[in-house]
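S.K.: Coordinates in work10.pdb, PDB, C-alpha atoms, pLDDT in the B column, are listed below.
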```pdb
ATOM      1  CA  MET A 109      70.959  59.329 -34.809  1.00 80.00           C
ATOM      2  CA  ASN A 110      72.995  62.480 -34.325  1.00 94.00           C
ATOM      3  CA  PRO A 111      75.147  64.022 -37.090  1.00 92.00           C
ATOM      4  CA  GLN A 112      78.448  62.998 -35.490  1.00 94.00           C
ATOM      5  CA  LYS A 113      77.462  59.328 -35.472  1.00 96.00           C
ATOM      6  CA  LYS A 114      76.295  59.531 -39.086  1.00 96.00           C
ATOM      7  CA  GLU A 115      79.613  61.105 -40.022  1.00 96.00           C
ATOM      8  CA  ILE A 116      81.587  58.311 -38.335  1.00 97.00           C
ATOM      9  CA  ILE A 117      79.515  55.678 -40.139  1.00 97.00           C
ATOM     10  CA  GLN A 118      80.121  57.369 -43.490  1.00 97.00           C
ATOM     11  CA  LYS A 119      83.848  57.792 -42.815  1.00 97.00           C
ATOM     12  CA  THR A 120      84.015  54.108 -41.906  1.00 97.00           C
ATOM     13  CA  ALA A 121      82.141  53.084 -45.061  1.00 97.00           C
ATOM     14  CA  ASP A 122      84.491  55.176 -47.211  1.00 97.00           C
ATOM     15  CA  PHE A 123      87.547  53.696 -45.479  1.00 95.00           C
ATOM     16  CA  ILE A 124      86.355  50.099 -45.867  1.00 95.00           C
ATOM     17  CA  GLU A 125      85.341  50.619 -49.497  1.00 95.00           C
ATOM     18  CA  GLN A 126      88.838  51.805 -50.362  1.00 94.00           C
ATOM     19  CA  LYS A 127      90.498  49.043 -48.350  1.00 92.00           C
ATOM     20  CA  PHE A 128      88.520  46.200 -49.946  1.00 91.00           C
ATOM     21  CA  LYS A 129      87.748  47.452 -53.426  1.00 87.00           C
ATOM     22  CA  GLY A 130      88.730  44.806 -55.979  1.00 82.00           C
ATOM     23  CA  GLU A 131      89.337  42.047 -53.423  1.00 85.00           C
ATOM     24  CA  GLY A 132      88.762  38.750 -55.249  1.00 81.00           C
ATOM     25  CA  THR A 133      87.922  36.073 -52.686  1.00 83.00           C
ATOM     26  CA  GLY A 134      84.319  37.051 -51.999  1.00 79.00           C
ATOM     27  CA  HIS A 135      85.286  39.154 -48.964  1.00 87.00           C
ATOM     28  CA  ASP A 136      85.260  42.396 -50.912  1.00 91.00           C
ATOM     29  CA  TRP A 137      83.559  45.759 -50.449  1.00 95.00           C
ATOM     30  CA  GLN A 138      80.379  44.494 -52.106  1.00 95.00           C
ATOM     31  CA  HIS A 139      80.129  41.692 -49.539  1.00 95.00           C
ATOM     32  CA  ILE A 140      80.619  44.161 -46.695  1.00 96.00           C
ATOM     33  CA  TYR A 141      78.105  46.564 -48.238  1.00 97.00           C
ATOM     34  CA  ARG A 142      75.495  43.799 -48.495  1.00 97.00           C
ATOM     35  CA  VAL A 143      76.094  42.803 -44.869  1.00 98.00           C
ATOM     36  CA  TRP A 144      75.765  46.443 -43.819  1.00 98.00           C
ATOM     37  CA  LYS A 145      72.464  46.911 -45.625  1.00 98.00           C
ATOM     38  CA  SER A 146      71.079  43.546 -44.464  1.00 98.00           C
ATOM     39  CA  ALA A 147      72.049  44.388 -40.900  1.00 98.00           C
ATOM     40  CA  GLU A 148      70.301  47.747 -41.153  1.00 97.00           C
ATOM     41  CA  LEU A 149      67.178  46.010 -42.421  1.00 97.00           C
ATOM     42  CA  ILE A 150      67.186  43.427 -39.622  1.00 98.00           C
ATOM     43  CA  ALA A 151      67.880  46.158 -37.054  1.00 98.00           C
ATOM     44  CA  LYS A 152      64.562  47.805 -37.895  1.00 97.00           C
ATOM     45  CA  THR A 153      62.779  44.725 -36.527  1.00 96.00           C
ATOM     46  CA  GLU A 154      64.777  44.510 -33.297  1.00 97.00           C
ATOM     47  CA  ASP A 155      65.255  46.651 -30.179  1.00 97.00           C
ATOM     48  CA  CYS A 156      68.868  47.622 -30.735  1.00 98.00           C
ATOM     49  CA  ASP A 157      71.410  50.410 -31.214  1.00 98.00           C
ATOM     50  CA  SER A 158      71.531  50.906 -34.989  1.00 97.00           C
ATOM     51  CA  TYR A 159      74.776  52.902 -34.694  1.00 98.00           C
ATOM     52  CA  ILE A 160      76.608  49.906 -33.215  1.00 98.00           C
ATOM     53  CA  VAL A 161      74.987  47.605 -35.782  1.00 98.00           C
ATOM     54  CA  SER A 162      76.174  49.734 -38.715  1.00 98.00           C
ATOM     55  CA  LEU A 163      79.735  50.045 -37.445  1.00 98.00           C
ATOM     56  CA  GLY A 164      79.892  46.359 -36.548  1.00 98.00           C
ATOM     57  CA  ALA A 165      78.711  45.382 -40.018  1.00 98.00           C
ATOM     58  CA  LEU A 166      81.130  47.713 -41.780  1.00 98.00           C
ATOM     59  CA  LEU A 167      84.113  46.537 -39.733  1.00 97.00           C
ATOM     60  CA  HIS A 168      83.248  42.848 -39.337  1.00 96.00           C
ATOM     61  CA  ASP A 169      85.764  41.730 -41.991  1.00 90.00           C
ATOM     62  CA  ILE A 170      88.436  44.381 -41.473  1.00 90.00           C
ATOM     63  CA  ALA A 171      90.947  41.611 -40.672  1.00 77.00           C
ATOM     64  CA  ASP A 172      89.301  38.236 -41.257  1.00 76.00           C
ATOM     65  CA  HIS A 173      91.202  35.416 -39.537  1.00 77.00           C
ATOM     66  CA  LYS A 174      91.377  33.514 -42.847  1.00 76.00           C
ATOM     67  CA  PHE A 175      93.842  36.107 -44.114  1.00 66.00           C
ATOM     68  CA  TYR A 176      95.711  36.598 -40.827  1.00 67.00           C
ATOM     69  CA  ASP A 177      96.912  33.063 -40.107  1.00 76.00           C
ATOM     70  CA  GLY A 178      93.942  32.252 -37.885  1.00 73.00           C
ATOM     71  CA  ASP A 179      94.326  35.284 -35.623  1.00 72.00           C
ATOM     72  CA  LEU A 180      90.831  35.885 -34.217  1.00 73.00           C
ATOM     73  CA  LEU A 181      91.865  39.095 -32.443  1.00 84.00           C
ATOM     74  CA  GLU A 182      93.434  41.068 -35.302  1.00 90.00           C
ATOM     75  CA  GLY A 183      90.048  42.308 -36.501  1.00 88.00           C
ATOM     76  CA  SER A 184      89.256  43.611 -33.041  1.00 91.00           C
ATOM     77  CA  ARG A 185      92.608  45.386 -32.824  1.00 93.00           C
ATOM     78  CA  GLN A 186      92.232  47.042 -36.220  1.00 93.00           C
ATOM     79  CA  SER A 187      88.639  48.041 -35.459  1.00 95.00           C
ATOM     80  CA  LYS A 188      89.703  49.747 -32.252  1.00 96.00           C
ATOM     81  CA  LYS A 189      92.479  51.613 -34.023  1.00 95.00           C
ATOM     82  CA  TRP A 190      90.183  52.828 -36.799  1.00 96.00           C
ATOM     83  CA  LEU A 191      87.378  53.909 -34.462  1.00 97.00           C
ATOM     84  CA  GLU A 192      89.803  55.760 -32.199  1.00 96.00           C
ATOM     85  CA  ASP A 193      91.161  57.643 -35.211  1.00 95.00           C
ATOM     86  CA  ALA A 194      87.595  58.326 -36.405  1.00 95.00           C
ATOM     87  CA  GLY A 195      86.684  59.937 -33.081  1.00 95.00           C
ATOM     88  CA  ALA A 196      84.288  57.323 -31.677  1.00 97.00           C
ATOM     89  CA  ASP A 197      83.688  57.201 -27.919  1.00 97.00           C
ATOM     90  CA  GLN A 198      85.204  54.396 -25.834  1.00 97.00           C
ATOM     91  CA  GLU A 199      81.913  52.595 -25.208  1.00 98.00           C
ATOM     92  CA  THR A 200      81.252  52.392 -28.944  1.00 97.00           C
ATOM     93  CA  ILE A 201      84.806  51.212 -29.611  1.00 98.00           C
ATOM     94  CA  ASP A 202      84.517  48.425 -27.042  1.00 97.00           C
ATOM     95  CA  LYS A 203      81.108  47.236 -28.256  1.00 98.00           C
ATOM     96  CA  VAL A 204      82.077  47.161 -31.920  1.00 98.00           C
ATOM     97  CA  ALA A 205      85.427  45.494 -31.269  1.00 97.00           C
ATOM     98  CA  ASP A 206      83.684  42.785 -29.280  1.00 97.00           C
ATOM     99  CA  ILE A 207      81.323  42.091 -32.199  1.00 97.00           C
ATOM    100  CA  VAL A 208      84.237  41.873 -34.641  1.00 97.00           C
ATOM    101  CA  LYS A 209      86.070  39.493 -32.307  1.00 95.00           C
ATOM    102  CA  ARG A 210      83.097  37.127 -32.049  1.00 96.00           C
ATOM    103  CA  VAL A 211      81.456  37.297 -35.494  1.00 96.00           C
ATOM    104  CA  SER A 212      83.304  34.539 -37.365  1.00 93.00           C
ATOM    105  CA  TYR A 213      82.078  30.972 -37.757  1.00 95.00           C
ATOM    106  CA  LYS A 214      84.572  28.750 -35.945  1.00 94.00           C
ATOM    107  CA  GLY A 215      83.415  25.226 -36.784  1.00 94.00           C
ATOM    108  CA  ALA A 216      80.295  23.082 -36.738  1.00 95.00           C
ATOM    109  CA  GLY A 217      80.999  21.904 -33.215  1.00 95.00           C
ATOM    110  CA  VAL A 218      81.838  25.331 -31.805  1.00 96.00           C
ATOM    111  CA  LYS A 219      78.994  27.150 -30.080  1.00 94.00           C
ATOM    112  CA  ASP A 220      78.321  30.750 -31.095  1.00 94.00           C
ATOM    113  CA  GLU A 221      79.018  33.251 -28.328  1.00 94.00           C
ATOM    114  CA  MET A 222      77.457  36.552 -29.337  1.00 96.00           C
ATOM    115  CA  PRO A 223      75.737  38.087 -26.292  1.00 96.00           C
ATOM    116  CA  SER A 224      74.580  41.446 -27.680  1.00 98.00           C
ATOM    117  CA  ILE A 225      71.573  41.862 -29.964  1.00 98.00           C
ATOM    118  CA  GLU A 226      73.667  44.194 -32.118  1.00 98.00           C
ATOM    119  CA  GLY A 227      76.255  41.455 -32.562  1.00 98.00           C
ATOM    120  CA  GLN A 228      73.588  38.875 -33.319  1.00 98.00           C
ATOM    121  CA  ILE A 229      72.197  41.109 -36.051  1.00 98.00           C
ATOM    122  CA  VAL A 230      75.638  41.581 -37.625  1.00 98.00           C
ATOM    123  CA  GLN A 231      76.367  37.857 -37.404  1.00 98.00           C
ATOM    124  CA  ASP A 232      73.020  37.028 -39.006  1.00 98.00           C
ATOM    125  CA  ALA A 233      73.609  39.501 -41.840  1.00 98.00           C
ATOM    126  CA  ASP A 234      77.102  38.125 -42.461  1.00 97.00           C
ATOM    127  CA  ARG A 235      75.812  34.561 -42.543  1.00 98.00           C
ATOM    128  CA  LEU A 236      72.950  35.434 -44.866  1.00 98.00           C
ATOM    129  CA  ASP A 237      75.551  36.561 -47.387  1.00 98.00           C
ATOM    130  CA  ALA A 238      77.239  33.155 -47.068  1.00 97.00           C
ATOM    131  CA  ILE A 239      74.164  31.256 -48.276  1.00 98.00           C
ATOM    132  CA  GLY A 240      71.779  31.387 -51.222  1.00 98.00           C
ATOM    133  CA  ALA A 241      72.877  32.278 -54.752  1.00 98.00           C
ATOM    134  CA  ILE A 242      75.492  34.814 -53.670  1.00 97.00           C
ATOM    135  CA  GLY A 243      76.754  32.464 -50.994  1.00 98.00           C
ATOM    136  CA  ILE A 244      77.309  29.779 -53.621  1.00 98.00           C
ATOM    137  CA  ALA A 245      79.234  32.217 -55.816  1.00 97.00           C
ATOM    138  CA  ARG A 246      81.338  33.412 -52.881  1.00 96.00           C
ATOM    139  CA  ALA A 247      82.153  29.845 -51.804  1.00 96.00           C
ATOM    140  CA  PHE A 248      83.620  28.993 -55.187  1.00 97.00           C
ATOM    141  CA  ALA A 249      85.425  32.334 -55.438  1.00 95.00           C
ATOM    142  CA  TYR A 250      87.166  31.671 -52.135  1.00 93.00           C
ATOM    143  CA  GLY A 251      87.818  28.023 -52.938  1.00 95.00           C
ATOM    144  CA  GLY A 252      89.410  29.007 -56.232  1.00 94.00           C
ATOM    145  CA  SER A 253      91.608  31.596 -54.546  1.00 92.00           C
ATOM    146  CA  LYS A 254      92.914  28.830 -52.266  1.00 90.00           C
ATOM    147  CA  HIS A 255      93.255  26.266 -55.077  1.00 94.00           C
ATOM    148  CA  ARG A 256      90.666  24.004 -53.457  1.00 95.00           C
ATOM    149  CA  LEU A 257      89.040  21.142 -55.364  1.00 97.00           C
ATOM    150  CA  LEU A 258      85.497  21.758 -56.548  1.00 97.00           C
ATOM    151  CA  TYR A 259      84.451  18.353 -55.236  1.00 97.00           C
ATOM    152  CA  ASP A 260      85.993  15.089 -54.100  1.00 96.00           C
ATOM    153  CA  ALA A 261      83.577  12.163 -54.230  1.00 93.00           C
ATOM    154  CA  GLU A 262      85.729  10.189 -51.771  1.00 93.00           C
ATOM    155  CA  GLU A 263      86.001  12.987 -49.237  1.00 94.00           C
ATOM    156  CA  THR A 264      84.634  12.634 -45.716  1.00 92.00           C
ATOM    157  CA  TYR A 265      82.927  15.710 -44.355  1.00 94.00           C
ATOM    158  CA  GLU A 266      84.107  16.846 -40.942  1.00 93.00           C
ATOM    159  CA  MET A 267      82.080  18.596 -38.263  1.00 94.00           C
ATOM    160  CA  HIS A 268      85.043  20.458 -36.778  1.00 94.00           C
ATOM    161  CA  ALA A 269      85.027  20.337 -32.987  1.00 92.00           C
ATOM    162  CA  ASN A 270      87.286  23.349 -32.537  1.00 94.00           C
ATOM    163  CA  PHE A 271      88.470  26.436 -34.373  1.00 90.00           C
ATOM    164  CA  ASP A 272      91.987  25.149 -34.978  1.00 89.00           C
ATOM    165  CA  ALA A 273      90.674  22.123 -36.897  1.00 89.00           C
ATOM    166  CA  TYR A 274      88.291  24.300 -38.902  1.00 91.00           C
ATOM    167  CA  HIS A 275      90.969  26.867 -39.748  1.00 88.00           C
ATOM    168  CA  LYS A 276      93.423  24.208 -40.948  1.00 87.00           C
ATOM    169  CA  SER A 277      90.869  22.386 -43.092  1.00 90.00           C
ATOM    170  CA  GLU A 278      91.618  22.156 -46.803  1.00 90.00           C
ATOM    171  CA  SER A 279      88.419  20.424 -47.843  1.00 94.00           C
ATOM    172  CA  SER A 280      86.753  20.933 -51.213  1.00 97.00           C
ATOM    173  CA  THR A 281      84.259  23.697 -51.860  1.00 97.00           C
ATOM    174  CA  ILE A 282      81.364  21.236 -51.972  1.00 98.00           C
ATOM    175  CA  ALA A 283      82.472  19.901 -48.584  1.00 97.00           C
ATOM    176  CA  HIS A 284      82.236  23.465 -47.285  1.00 97.00           C
ATOM    177  CA  PHE A 285      78.491  23.345 -47.892  1.00 98.00           C
ATOM    178  CA  TYR A 286      78.145  20.463 -45.430  1.00 98.00           C
ATOM    179  CA  GLU A 287      80.736  21.709 -42.968  1.00 97.00           C
ATOM    180  CA  LYS A 288      79.302  25.231 -42.760  1.00 97.00           C
ATOM    181  CA  LEU A 289      76.849  26.667 -45.285  1.00 98.00           C
ATOM    182  CA  LEU A 290      73.998  24.187 -44.857  1.00 98.00           C
ATOM    183  CA  LEU A 291      74.272  24.553 -41.080  1.00 98.00           C
ATOM    184  CA  LEU A 292      73.782  28.314 -40.997  1.00 98.00           C
ATOM    185  CA  LYS A 293      69.984  28.296 -41.389  1.00 98.00           C
ATOM    186  CA  ASP A 294      69.642  26.817 -37.909  1.00 98.00           C
ATOM    187  CA  ARG A 295      72.206  29.147 -36.354  1.00 98.00           C
ATOM    188  CA  MET A 296      70.438  32.427 -37.108  1.00 98.00           C
ATOM    189  CA  HIS A 297      69.435  34.548 -34.113  1.00 98.00           C
ATOM    190  CA  THR A 298      66.706  36.911 -35.328  1.00 98.00           C
ATOM    191  CA  ALA A 299      63.270  36.127 -36.726  1.00 98.00           C
ATOM    192  CA  SER A 300      63.936  38.210 -39.845  1.00 97.00           C
ATOM    193  CA  ALA A 301      67.153  36.367 -40.648  1.00 98.00           C
ATOM    194  CA  LYS A 302      65.570  32.971 -40.014  1.00 98.00           C
ATOM    195  CA  LYS A 303      62.884  33.713 -42.578  1.00 97.00           C
ATOM    196  CA  ILE A 304      65.379  34.841 -45.234  1.00 97.00           C
ATOM    197  CA  ALA A 305      67.728  31.946 -44.465  1.00 98.00           C
ATOM    198  CA  LYS A 306      65.013  29.375 -45.065  1.00 98.00           C
ATOM    199  CA  GLU A 307      64.574  30.506 -48.680  1.00 98.00           C
ATOM    200  CA  ARG A 308      68.302  30.780 -49.345  1.00 98.00           C
ATOM    201  CA  HIS A 309      68.867  27.324 -47.845  1.00 98.00           C
ATOM    202  CA  HIS A 310      66.510  25.858 -50.453  1.00 98.00           C
ATOM    203  CA  VAL A 311      68.525  27.566 -53.199  1.00 98.00           C
ATOM    204  CA  MET A 312      71.637  25.731 -52.014  1.00 98.00           C
ATOM    205  CA  GLU A 313      69.828  22.395 -51.776  1.00 98.00           C
ATOM    206  CA  ASN A 314      68.578  22.782 -55.342  1.00 98.00           C
ATOM    207  CA  PHE A 315      72.051  23.742 -56.523  1.00 98.00           C
ATOM    208  CA  LEU A 316      73.625  20.665 -54.937  1.00 98.00           C
ATOM    209  CA  GLU A 317      71.030  18.368 -56.484  1.00 97.00           C
ATOM    210  CA  GLN A 318      71.782  19.825 -59.914  1.00 96.00           C
ATOM    211  CA  PHE A 319      75.546  19.748 -59.281  1.00 96.00           C
ATOM    212  CA  TYR A 320      75.611  16.037 -58.456  1.00 96.00           C
ATOM    213  CA  ALA A 321      73.437  15.202 -61.471  1.00 95.00           C
ATOM    214  CA  GLU A 322      75.759  17.094 -63.793  1.00 95.00           C
ATOM    215  CA  TRP A 323      78.863  15.654 -62.106  1.00 94.00           C
ATOM    216  CA  GLU A 324      77.620  12.155 -62.955  1.00 88.00           C
ATOM    217  CA  GLY A 325      76.622  13.228 -66.456  1.00 86.00           C
ATOM    218  CA  LYS A 326      72.928  12.579 -65.796  1.00 75.00           C
ATOM    219  CA  ARG A 327      71.680  16.030 -66.842  1.00 68.00           C
TER     220      ARG A 327
END
```
Let's see the structure in the file written out as structure tokens.

M.R.:
Amino acid sequence: MNPQKKEIIQKTADFIEQKFKGEGTGHDWQHIYRVWKSAELIAKTEDCDSYIVSLGALLHDIADHKFYDGDLLEGSRQSKKWLEDAGADQETIDKVADIVKRVSYKGAGVKDEMPSIEGQIVQDADRLDAIGAIGIARAFAYGGSKHRLLYDAEETYEMHANFDAYHKSESSTIAHFYEKLLLLKDRMHTASAKKIAKERHHVMENFLEQFYAEWEGKR
């Protein structure tokens, strides 16, 4: 990778760190950093453009729809603006913006549409950070920020058929496991991510077993 590309990656990392430092919903700089490093690791096992992967990972949450009233395009717009200011070429800008536009989970019944291998790597890395021990912690951090119930024993879990239904959902944090987190293992693209996801999936299953036992006062 040439020096100019490395400089743009570093400038982007510095920008995102400042923008998201101290964010308290689990979508903070540390989340983005983990996604970036996981994406870099996965990229080493795939035939891909690591420059696009790094920028896509760093910018994937620049304007998450959850904080922009469901606007799936705001992240793409802000990514383009930042990359233009950073001096990236138009091809890079277009590729990264397309990844940012497509990366979010949109509901259990909504098919993923991520055509590029670079985008698949970024999406896998983002989803890996949504499961396992850190994924559990992030789920409750976000749920708390939105005043969601921990658990509702009478709640019916919904496999949202479209993004609008998913975005408007106010289900409990435990419901979120069934409506998203436990589904991610089977929606990974790359072999590396599939292997990691399998282990992290078991962590969530074990957590839920313990949670229900404690909820009923059995442990």

S.K.: Stretch 142-212 of chain A near stretch 263-284 of chain A within 9 Å: what's each residue's closest atom pair and its distance in Å to one decimal, counting only C-alpha atoms, ordered by chain then ascending residue number, as JSON lines?

M.R.:
```
{"residue": "A:His173", "atom": "CA", "partner": "A:His275", "partner_atom": "CA", "distance": 8.6}
{"residue": "A:Lys174", "atom": "CA", "partner": "A:His275", "partner_atom": "CA", "distance": 7.3}
{"residue": "A:Asp177", "atom": "CA", "partner": "A:His275", "partner_atom": "CA", "distance": 8.6}
{"residue": "A:Gly178", "atom": "CA", "partner": "A:His275", "partner_atom": "CA", "distance": 6.4}
```

S.K.: Go ahead and save the residues from that selection, with C-alpha atoms, as a PDB file, in the coordinates of the input.

M.R.:
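To be explicit, this is the file written out as again15.pdb:
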```
ATOM      1  CA  HIS A 173      91.202  35.416 -39.537  1.00 77.00           C
ATOM      2  CA  LYS A 174      91.377  33.514 -42.847  1.00 76.00           C
ATOM      3  CA  ASP A 177      96.912  33.063 -40.107  1.00 76.00           C
ATOM      4  CA  GLY A 178      93.942  32.252 -37.885  1.00 73.00           C
TER       5      GLY A 178
END
```

S.K.: I'd like to know which of A:Glu182, A:Glu322, A:Glu154, A:Glu192 is closest to A:Ile225, using only C-alpha atoms.

M.R.: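 When distances to A:Ile225 are compared using only C-alpha atoms, the smallest one comes from A:Glu154.
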
S.K.: So, with only C-alpha atoms as the atoms that count, which of A:Gln186, A:Gln228, A:Ser253, A:Gln138 lies closest to A:Asp157?

M.R.: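 Among the listed residues, the smallest separation from A:Asp157 belongs to A:Gln228.
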
S.K.: Where does the PyMOL selection byres ((chain A and resi 311) around 12) land in this file, that is, which residues does it pick, as a PyMOL selection string?

M.R.: chain A and resi 239-245+289-290+293+304-310+312-318

S.K.: Considering all atoms listed in the file, state which residue in the set A:Ile124, A:Gly217, A:Ser224, A:Glu262 is at the smallest distance from A:Leu291.

M.R.: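 Counting all atoms listed in the file, the residue closest to A:Leu291 is A:Gly217.
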
S.K.: Show me, as AutoDock Vina command-line options, the centre and edge lengths in Å to one decimal of the axis-aligned box that covers every listed atom of stretch 280-295 of chain A with 5 Å on each side.

M.R.:
```
--center_x 78.2 --center_y 24.5 --center_z -44.2 --size_x 27.1 --size_y 19.2 --size_z 25.6
```

S.K.: For atom CA of A:Leu181 and atom CA of A:Asp193, quote the distance in Å rounded to one decimal.

M.R.: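 One can read the atom CA of A:Leu181 to atom CA of A:Asp193 distance as 18.8 Å.
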
S.K.: Find the distance between atom CA of A:Ala301 and atom CA of A:Tyr213 and write it in Å to one decimal.

M.R.: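 Going from atom CA of A:Ala301 over to atom CA of A:Tyr213 covers 16.1 Å.
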
S.K.: So that I can see what lies close to A:Ile150, please list as a list in words the residues with an atom at most 8 Å from it, counting all atoms listed in the file and leaving out residues fewer than 3 positions away in the same chain.

M.R.: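 Listed by chain and then number, they are Ser146, Ala147, Thr153, Glu154, Ile229, Ala233, Thr298, Ser300 and Ala301 of chain A.
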
S.K.: Under the rule that all atoms listed in the file are counted, which of A:Phe285, A:Lys114, A:Glu324, A:His168 is the nearest residue to A:Phe248?

M.R.: A:Phe285

S.K.: Considering all atoms listed in the file, can you say which of A:Tyr259, A:Tyr159, A:Phe123, A:Trp190 comes closest to A:Lys203?

M.R.: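 Result for the nearest residue to A:Lys203: A:Tyr159.
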
S.K.: Would you work out the distance separating atom CA of A:Gly132 from atom CA of A:Ala205, expressed in Å to one decimal?

M.R.: 25.1 Å

S.K.: When you count all atoms listed in the file, which of these residues is closest to A:Ala151: A:Ile117, A:Gly130, A:Gln231, A:Asp122?

M.R.: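 Looking at the shortest contact to A:Ala151, the residue is A:Gln231.
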
S.K.: With a distance cut-off of 9 Å and only C-alpha atoms, select the neighbouring residues of A:Ala165, excluding the residue or stretch itself and same-chain residues fewer than 5 positions from it, and output the selection as JSON, numbers by chain.

M.R.: {"A": [140, 141, 143, 144, 145, 147, 148, 160, 204, 207, 208, 227, 229, 230, 231, 233, 234]}

S.K.: Output the selection as an mmCIF file, in the frame of the given file - C-alpha atoms for each residue.

M.R.:
```cif
data_model
loop_
_atom_site.group_PDB
_atom_site.id
_atom_site.type_symbol
_atom_site.label_atom_id
_atom_site.label_comp_id
_atom_site.auth_asym_id
_atom_site.auth_seq_id
_atom_site.Cartn_x
_atom_site.Cartn_y
_atom_site.Cartn_z
ATOM 1 C CA ILE A 140 80.619 44.161 -46.695
ATOM 2 C CA TYR A 141 78.105 46.564 -48.238
ATOM 3 C CA VAL A 143 76.094 42.803 -44.869
ATOM 4 C CA TRP A 144 75.765 46.443 -43.819
ATOM 5 C CA LYS A 145 72.464 46.911 -45.625
ATOM 6 C CA ALA A 147 72.049 44.388 -40.900
ATOM 7 C CA GLU A 148 70.301 47.747 -41.153
ATOM 8 C CA ILE A 160 76.608 49.906 -33.215
ATOM 9 C CA VAL A 204 82.077 47.161 -31.920
ATOM 10 C CA ILE A 207 81.323 42.091 -32.199
ATOM 11 C CA VAL A 208 84.237 41.873 -34.641
ATOM 12 C CA GLY A 227 76.255 41.455 -32.562
ATOM 13 C CA ILE A 229 72.197 41.109 -36.051
ATOM 14 C CA VAL A 230 75.638 41.581 -37.625
ATOM 15 C CA GLN A 231 76.367 37.857 -37.404
ATOM 16 C CA ALA A 233 73.609 39.501 -41.840
ATOM 17 C CA ASP A 234 77.102 38.125 -42.461
#
```

S.K.: Which residues are near A:Asp172? Cut-off 9 Å, only C-alpha atoms, ignore same chain within fewer than 5 positions. Put them as an MDAnalysis selection string.

M.R.: chainID A and resid 135 178:180 182:183 212

S.K.: Within 7 Å of (85.2, 60.4, -38.8) (coordinates as in the file), grab all the protein and nucleic acid residues, counting only C-alpha atoms, and write them out as a list in words.

M.R.: Glu115, Ile116, Lys119, Ala194 and Gly195 of chain A
